[in-house]
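With compact mmCIF, C-alpha atoms and all ligand atoms inside, this is run08.txt:
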```
# COMPACT_ATOMS: atom_id res chain seq x y z
CA MET A 1 0.00 0.00 0.00
CA SER A 2 1.28 3.50 -0.77
CA GLU A 3 2.05 6.04 1.95
CA ASN A 4 -1.17 7.86 1.19
CA GLY A 5 -2.85 4.48 1.41
CA ALA A 6 -1.73 4.12 5.02
CA VAL A 7 -3.11 7.56 5.93
CA GLU A 8 -6.34 6.67 4.14
CA GLY A 9 -6.40 3.35 6.01
CA LEU A 10 -5.87 5.18 9.31
CA LYS A 11 -8.80 7.50 8.61
CA GLN A 12 -11.08 4.60 7.72
CA VAL A 13 -10.13 2.69 10.86
CA GLN A 14 -10.67 5.81 13.00
CA GLU A 15 -14.08 6.23 11.42
CA SER A 16 -14.97 2.57 12.04
CA ILE A 17 -13.93 2.93 15.69
CA ARG A 18 -16.08 6.06 16.03
CA ARG A 19 -19.04 4.23 14.54
CA ALA A 20 -18.55 1.18 16.77
CA ALA A 21 -18.27 3.37 19.87
CA SER A 22 -21.50 5.09 18.94
CA ASP A 23 -23.30 1.83 18.03
CA TYR A 24 -22.36 0.11 21.26
CA GLY A 25 -22.64 3.05 23.62
CA ARG A 26 -18.93 3.20 24.34
CA ASP A 27 -17.11 6.41 25.21
CA LEU A 28 -14.77 7.05 22.27
CA SER A 29 -12.06 8.33 24.61
CA SER A 30 -11.98 4.93 26.33
CA ILE A 31 -10.78 3.21 23.12
CA THR A 32 -7.15 3.52 21.99
CA LEU A 33 -6.07 2.58 18.50
CA VAL A 34 -2.70 0.82 18.53
CA ALA A 35 -1.40 1.07 14.95
CA VAL A 36 0.58 -2.12 14.36
CA SER A 37 3.58 -1.16 12.23
CA LYS A 38 5.52 -4.44 12.32
CA THR A 39 7.36 -5.22 9.06
CA PHE A 40 6.70 -1.71 7.73
CA PRO A 41 9.71 0.59 7.28
CA VAL A 42 10.10 4.03 8.82
CA GLU A 43 9.16 5.71 5.52
CA GLU A 44 5.72 4.11 5.64
CA ILE A 45 5.21 4.95 9.32
CA GLU A 46 6.15 8.64 9.00
CA PRO A 47 3.00 9.72 7.11
CA VAL A 48 0.84 8.02 9.77
CA LEU A 49 2.73 9.95 12.46
CA ALA A 50 2.34 13.14 10.45
CA ALA A 51 -1.42 12.45 10.32
CA GLY A 52 -1.46 12.55 14.12
CA GLN A 53 -1.37 8.87 15.17
CA ARG A 54 0.86 8.46 18.23
CA VAL A 55 0.25 4.94 19.58
CA PHE A 56 2.05 2.13 17.73
CA GLY A 57 2.56 -1.59 18.22
CA GLU A 58 5.57 -3.70 17.27
CA ASN A 59 6.15 -7.46 17.56
CA TYR A 60 9.94 -7.74 17.59
CA VAL A 61 12.37 -6.03 19.96
CA GLN A 62 15.17 -5.81 17.38
CA GLU A 63 12.92 -4.32 14.72
CA ALA A 64 11.48 -1.77 17.15
CA LYS A 65 14.97 -0.82 18.27
CA ALA A 66 16.03 -0.20 14.68
CA LYS A 67 12.99 1.91 13.80
CA TRP A 68 11.73 3.87 16.80
CA PRO A 69 14.52 5.74 18.60
CA ALA A 70 15.05 8.02 15.59
CA LEU A 71 11.32 8.51 15.03
CA ARG A 72 10.89 9.36 18.70
CA GLU A 73 13.40 12.17 18.45
CA ARG A 74 10.98 13.85 16.09
CA PHE A 75 7.74 12.69 17.67
CA ALA A 76 8.47 12.74 21.39
CA ASP A 77 4.93 11.89 22.47
CA VAL A 78 4.87 8.52 20.73
CA GLU A 79 3.64 5.61 22.86
CA LEU A 80 5.15 2.28 21.88
CA HIS A 81 3.47 -1.06 22.62
CA MET A 82 5.13 -4.48 22.58
CA ILE A 83 2.53 -6.93 21.27
CA GLY A 84 4.69 -9.89 20.17
CA PRO A 85 6.10 -12.85 22.10
CA LEU A 86 8.88 -11.69 24.41
CA GLN A 87 11.93 -13.72 25.39
CA SER A 88 13.14 -13.20 28.93
CA ASN A 89 16.62 -12.33 27.67
CA LYS A 90 15.07 -9.35 25.81
CA ALA A 91 13.46 -7.95 28.96
CA ARG A 92 16.13 -5.27 29.35
CA GLU A 93 15.65 -3.87 25.85
CA ALA A 94 11.89 -4.24 26.09
CA VAL A 95 11.72 -2.14 29.27
CA GLU A 96 14.02 0.43 27.65
CA LEU A 97 11.94 0.70 24.49
CA PHE A 98 8.30 0.12 25.29
CA ASP A 99 5.68 2.05 27.24
CA VAL A 100 3.28 -0.88 27.34
CA ILE A 101 4.00 -4.63 27.17
CA HIS A 102 0.98 -6.78 26.22
CA THR A 103 2.55 -10.23 26.31
CA LEU A 104 3.52 -11.08 29.88
CA ASP A 105 2.63 -14.76 30.14
CA ARG A 106 5.01 -16.70 32.39
CA PRO A 107 6.89 -16.49 35.69
CA SER A 108 10.37 -16.35 34.10
CA LEU A 109 9.36 -13.29 32.08
CA ALA A 110 7.67 -11.67 35.10
CA GLU A 111 10.90 -12.13 37.03
CA ALA A 112 13.05 -10.70 34.24
CA LEU A 113 10.77 -7.70 33.75
CA ALA A 114 10.57 -7.04 37.49
CA LYS A 115 14.36 -6.96 37.69
CA GLU A 116 14.64 -4.49 34.81
CA ILE A 117 11.86 -2.28 36.13
CA VAL A 118 13.76 -1.89 39.39
CA ARG A 119 17.14 -1.50 37.66
CA GLN A 120 15.96 1.09 35.12
CA GLY A 121 13.43 2.88 37.31
CA LYS A 122 11.03 2.70 34.35
CA ARG A 123 7.51 1.40 34.69
CA PRO A 124 5.96 0.19 31.45
CA ARG A 125 2.31 -0.74 31.85
CA LEU A 126 1.99 -4.52 31.80
CA LEU A 127 -0.75 -6.70 30.38
CA VAL A 128 -1.05 -10.42 30.88
CA GLN A 129 -1.68 -12.35 27.67
CA VAL A 130 -4.42 -14.95 28.06
CA ASN A 131 -4.54 -17.96 25.73
CA THR A 132 -8.33 -18.01 25.63
CA GLY A 133 -8.39 -20.73 22.97
CA GLU A 134 -5.85 -22.87 24.89
CA GLU A 135 -3.81 -23.30 21.70
CA PRO A 136 -0.54 -25.12 22.43
CA GLN A 137 1.46 -23.16 19.82
CA LYS A 138 0.32 -19.79 21.14
CA GLY A 139 1.66 -17.73 24.01
CA GLY A 140 -0.49 -16.74 26.94
CA VAL A 141 -1.67 -18.08 30.26
CA ILE A 142 -4.61 -20.49 30.00
CA PRO A 143 -7.78 -19.12 31.61
CA ALA A 144 -7.72 -21.59 34.53
CA GLU A 145 -4.26 -20.33 35.53
CA VAL A 146 -4.79 -16.59 35.19
CA ASP A 147 -5.85 -16.00 38.79
CA ALA A 148 -2.75 -17.70 40.19
CA PHE A 149 -0.46 -15.98 37.70
CA LEU A 150 -1.86 -12.53 38.49
CA GLU A 151 -1.41 -13.24 42.18
CA ALA A 152 2.20 -14.33 41.62
CA CYS A 153 2.90 -11.19 39.54
CA ARG A 154 1.73 -9.04 42.43
CA SER A 155 2.98 -10.82 45.49
CA LYS A 156 6.06 -12.65 44.24
CA TYR A 157 7.41 -10.22 41.63
CA GLY A 158 5.93 -6.94 42.87
CA LEU A 159 4.46 -6.17 39.44
CA GLU A 160 1.39 -4.06 38.98
CA ILE A 161 -0.74 -5.51 36.17
CA ALA A 162 -2.81 -3.03 34.16
CA GLY A 163 -4.89 -5.37 32.02
CA LEU A 164 -5.28 -8.42 29.82
CA MET A 165 -4.68 -9.22 26.16
CA CYS A 166 -5.81 -12.05 23.90
CA ILE A 167 -5.49 -13.29 20.32
CA PRO A 168 -8.44 -15.59 19.56
CA PRO A 169 -7.84 -18.71 17.45
CA ALA A 170 -7.99 -17.83 13.76
CA GLU A 171 -10.71 -20.40 13.07
CA ASP A 172 -13.07 -19.40 15.90
CA PRO A 173 -15.66 -16.64 16.03
CA PRO A 174 -13.79 -14.10 18.19
CA SER A 175 -16.64 -12.79 20.34
CA PRO A 176 -16.72 -15.58 22.98
CA HIS A 177 -12.97 -15.08 23.47
CA PHE A 178 -13.39 -11.31 23.89
CA ALA A 179 -16.27 -11.87 26.33
CA LEU A 180 -14.17 -14.32 28.36
CA LEU A 181 -11.26 -11.87 28.54
CA ASN A 182 -13.62 -9.13 29.68
CA THR A 183 -15.07 -11.39 32.39
CA ILE A 184 -11.63 -12.29 33.76
CA ALA A 185 -10.52 -8.64 33.71
CA ARG A 186 -13.62 -7.50 35.60
CA ARG A 187 -13.12 -10.21 38.20
CA HIS A 188 -9.69 -8.72 38.93
CA GLY A 189 -10.60 -5.07 38.49
CA LEU A 190 -8.22 -4.68 35.54
CA ALA A 191 -8.92 -1.65 33.37
CA MET A 192 -7.03 -2.36 30.14
CA LEU A 193 -8.42 -4.85 27.63
CA SER A 194 -6.25 -5.36 24.55
CA MET A 195 -8.31 -7.25 22.00
CA GLY A 196 -9.39 -6.93 18.38
CA MET A 197 -7.32 -6.73 15.21
CA SER A 198 -8.11 -5.61 11.64
CA ALA A 199 -10.74 -8.30 11.06
CA ASP A 200 -12.56 -8.12 14.37
CA PHE A 201 -12.01 -4.85 16.22
CA ASP A 202 -15.69 -3.95 15.87
CA ALA A 203 -16.71 -7.02 17.92
CA ALA A 204 -13.92 -6.30 20.40
CA ILE A 205 -15.21 -2.76 20.96
CA GLN A 206 -18.70 -4.14 21.51
CA LEU A 207 -17.26 -6.41 24.20
CA GLY A 208 -15.25 -3.77 26.02
CA ALA A 209 -11.85 -3.44 24.31
CA THR A 210 -9.86 -0.44 25.52
CA HIS A 211 -7.01 -1.11 23.06
CA VAL A 212 -7.50 -2.43 19.54
CA ARG A 213 -4.37 -3.57 17.68
CA VAL A 214 -4.82 -2.82 14.00
CA GLY A 215 -2.14 -3.41 11.37
CA SER A 216 -3.16 -4.43 7.87
CA ALA A 217 -6.34 -2.31 7.78
CA ILE A 218 -4.03 0.70 8.11
CA PHE A 219 -0.74 -0.24 6.46
CA GLY A 220 -1.91 -2.86 3.97
CA SER A 221 -1.08 -6.53 3.85
CA ARG A 222 2.25 -7.75 5.13
CA PRO A 223 4.53 -10.11 3.24
CA LYS A 224 3.91 -13.65 4.52
CA ALA A 225 6.77 -14.75 6.79
C1 LIG B 301 0.20 -8.47 13.76
C2 LIG B 301 -0.63 -8.37 14.97
C3 LIG B 301 -1.75 -7.53 15.01
C4 LIG B 301 -2.28 -6.78 13.81
O1 LIG B 301 -2.90 -7.69 12.95
P1 LIG B 301 -3.78 -7.18 11.70
O2 LIG B 301 -4.62 -8.35 11.37
O3 LIG B 301 -2.81 -6.82 10.63
O4 LIG B 301 -4.55 -6.01 12.15
C5 LIG B 301 -2.43 -7.43 16.21
N1 LIG B 301 -2.04 -8.09 17.31
C6 LIG B 301 -0.97 -8.90 17.31
C7 LIG B 301 -0.58 -9.61 18.56
C8 LIG B 301 -0.24 -9.08 16.14
O5 LIG B 301 0.82 -9.92 16.14
```

So that I can check it, write out the structure of this file as structure tokens.
Ligand SMILES: *Cc1c(COP(=O)(O)O)cnc(C)c1O
Amino acid sequence: MSENGAVEGLKQVQESIRRAASDYGRDLSSITLVAVSKTFPVEEIEPVLAAGQRVFGENYVQEAKAKWPALRERFADVELHMIGPLQSNKAREAVELFDVIHTLDRPSLAEALAKEIVRQGKRPRLLVQVNTGEEPQKGGVIPAEVDAFLEACRSKYGLEIAGLMCIPPAEDPPSPHFALLNTIARRHGLAMLSMGMSADFDAAIQLGATHVRVGSAIFGSRPKA
């Protein structure tokens, strides 16, 4: 997609979010669009920044590190979200780079992040990823173990958890997964709900998403890995 295409895509997604908020009686200011710029080069991100978008998501620490420090010198109010699987040995760089981490899903990572948060004196907001479809190949805590994991994050690692994130199985209707995530978040009084991507952010907004992660509907399709 051309650069103008990405700005056009951004406007269409913003309009769809406005419509969904209105349809479902949601306060528009309670919904944040995370523009997922993974695989797209700086030149294709710049026009989206120039159009006013400030919240972006990336999946890979190394890629984010190559792209964002320079962009942030020009757009200081950017908020960067880590939405991809995170290795514990990347915790240092992740805490340095990201304002929000959506993919906390195991004790070893909680421990590594806690250490870096103390060492760096930086406090990225943390979301626990929930594997609502219990898919073995996917990251995330299975629903039955979320309560214990949240408790361990708080009491054992001293981490404050801001919310939950999920990626429903590709072959399932997403709404039951979004509803389940919402139920678990309410049970724990967690405010942030990261759910919904290009194909299903409308349903996610209906079911309470506070953060929708939208890539291809803005930037166009990505090359298949
Ligand atoms: C890539 C990705 C997205 C964006 O997906 P689109 O279908 O392009 O909107 C959202 N969330 C996660 C976790 C991703 O990896």

- Message: Could you check the closest approach to ligand LIG 301 (chain B) for each of A:Gly57, A:Gly208, A:Gly215, A:Gly52 and tell me which residue wins, using only C-alpha atoms and all ligand atoms?
- Response: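 Under the stated criterion, the closest residue is A:Gly215.
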
What's around range 128-131 of chain A at 6 Å? Count all atoms listed in the file, leave out sequence neighbours fewer than 4 positions away in its own chain, and write the answer as a compact mmCIF listing (two decimals) with C-alpha atoms, keeping the file's coordinate frame.
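Final output, saved to part21.txt:
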```
# COMPACT_ATOMS: atom_id res chain seq x y z
CA THR A 103 2.55 -10.23 26.31
CA LEU A 104 3.52 -11.08 29.88
CA ASP A 105 2.63 -14.76 30.14
CA GLY A 140 -0.49 -16.74 26.94
CA VAL A 141 -1.67 -18.08 30.26
CA ILE A 142 -4.61 -20.49 30.00
CA LEU A 164 -5.28 -8.42 29.82
CA MET A 165 -4.68 -9.22 26.16
CA CYS A 166 -5.81 -12.05 23.90
```

To check your reading of the model: which residues sit at most 10 Å from ligand LIG 301 (chain B) when counting only C-alpha atoms and all ligand atoms? Write the answer as an mmCIF file with C-alpha atoms, keeping the file's coordinate frame.
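Output file selection18.cif follows:
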```cif
data_model
loop_
_atom_site.group_PDB
_atom_site.id
_atom_site.type_symbol
_atom_site.label_atom_id
_atom_site.label_comp_id
_atom_site.auth_asym_id
_atom_site.auth_seq_id
_atom_site.Cartn_x
_atom_site.Cartn_y
_atom_site.Cartn_z
ATOM 1 C CA VAL A 34 -2.700 0.820 18.530
ATOM 2 C CA ALA A 35 -1.400 1.070 14.950
ATOM 3 C CA VAL A 36 0.580 -2.120 14.360
ATOM 4 C CA SER A 37 3.580 -1.160 12.230
ATOM 5 C CA LYS A 38 5.520 -4.440 12.320
ATOM 6 C CA THR A 39 7.360 -5.220 9.060
ATOM 7 C CA GLY A 57 2.560 -1.590 18.220
ATOM 8 C CA GLU A 58 5.570 -3.700 17.270
ATOM 9 C CA ASN A 59 6.150 -7.460 17.560
ATOM 10 C CA TYR A 60 9.940 -7.740 17.590
ATOM 11 C CA MET A 82 5.130 -4.480 22.580
ATOM 12 C CA ILE A 83 2.530 -6.930 21.270
ATOM 13 C CA GLY A 84 4.690 -9.890 20.170
ATOM 14 C CA PRO A 85 6.100 -12.850 22.100
ATOM 15 C CA HIS A 102 0.980 -6.780 26.220
ATOM 16 C CA THR A 103 2.550 -10.230 26.310
ATOM 17 C CA GLN A 129 -1.680 -12.350 27.670
ATOM 18 C CA MET A 165 -4.680 -9.220 26.160
ATOM 19 C CA CYS A 166 -5.810 -12.050 23.900
ATOM 20 C CA ILE A 167 -5.490 -13.290 20.320
ATOM 21 C CA PRO A 168 -8.440 -15.590 19.560
ATOM 22 C CA SER A 194 -6.250 -5.360 24.550
ATOM 23 C CA MET A 195 -8.310 -7.250 22.000
ATOM 24 C CA GLY A 196 -9.390 -6.930 18.380
ATOM 25 C CA MET A 197 -7.320 -6.730 15.210
ATOM 26 C CA SER A 198 -8.110 -5.610 11.640
ATOM 27 C CA ALA A 199 -10.740 -8.300 11.060
ATOM 28 C CA ASP A 200 -12.560 -8.120 14.370
ATOM 29 C CA PHE A 201 -12.010 -4.850 16.220
ATOM 30 C CA VAL A 212 -7.500 -2.430 19.540
ATOM 31 C CA ARG A 213 -4.370 -3.570 17.680
ATOM 32 C CA VAL A 214 -4.820 -2.820 14.000
ATOM 33 C CA GLY A 215 -2.140 -3.410 11.370
ATOM 34 C CA SER A 216 -3.160 -4.430 7.870
ATOM 35 C CA ALA A 217 -6.340 -2.310 7.780
ATOM 36 C CA ILE A 218 -4.030 0.700 8.110
ATOM 37 C CA PHE A 219 -0.740 -0.240 6.460
ATOM 38 C CA GLY A 220 -1.910 -2.860 3.970
ATOM 39 C CA SER A 221 -1.080 -6.530 3.850
ATOM 40 C CA ARG A 222 2.250 -7.750 5.130
#
```

- How many Å lie between CA of Ser88 in chain A and CA of Ala112 in chain A, rounded to one decimal?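 According to the coordinates, CA of Ser88 in chain A and CA of Ala112 in chain A are separated by 5.9 Å.
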
- Item | Minimum-distance residue to Leu181 in chain A, chosen among A:Pro143, A:Val61, A:Leu71, A:Ile31 (using all atoms listed in the file) |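 With all atoms listed in the file as the atom set, the closest residue is A:Pro143.
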
- Using only C-alpha atoms, determine which residues lie at most 9 Å from Glu79 in chain A, disregarding the query and same-chain residues fewer than 3 positions distant; provide the list as a VMD selection string. chain A and resid 54 to 57 76 98 to 100

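One distance worth recording is that between CA of Leu10 in chain A and CA of Thr132 in chain A, which is 28.5 Å.
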
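Omitting Gly158 in chain A and its sequence neighbours fewer than 3 positions away, and counting only C-alpha atoms, the residues within 10 Å are Ala110, Glu111, Ala114, Lys115, Val118, Glu151, Ala152, Cys153, Arg154, Ser155 and Ile161 of chain A.
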
- Pairwise distance, CA of Gln62 in chain A with CA of Gly121 in chain A, equals 21.8 Å

- Of the residues A:Lys67, A:Ile17, A:Leu113, A:Gln53, which is the one nearest to Asn89 in chain A, using only C-alpha atoms?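 Among A:Lys67, A:Ile17, A:Leu113, A:Gln53, it is A:Leu113 that comes nearest to Asn89 in chain A.
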
- Give the answer as one residue: which of A:Ala21, A:Asp77, A:Ala51, A:Ala66 has the shortest atom-to-atom distance to Ala204 in chain A, using only C-alpha atoms? A:Ala21

- From the list A:Glu63, A:Leu159, A:Met192, A:Pro169, which residue is nearest Gln137 in chain A when using only C-alpha atoms? A:Pro169

Could you give me the axis-aligned bounding box of range 7-13 of chain A, with 5 Å of padding per side, as centre plus edge lengths in Å to one decimal, as AutoDock Vina command-line options?
```
--center_x -7.1 --center_y 5.1 --center_z 7.5 --size_x 18.0 --size_y 14.9 --size_z 16.7
```

- Item | Nearest to Lys65 in chain A, chosen from A:Glu96, A:Glu43, A:Arg125, A:Glu171, with all atoms listed in the file counted in the distances |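 The shortest atom-to-atom distance to Lys65 in chain A comes from A:Glu96.
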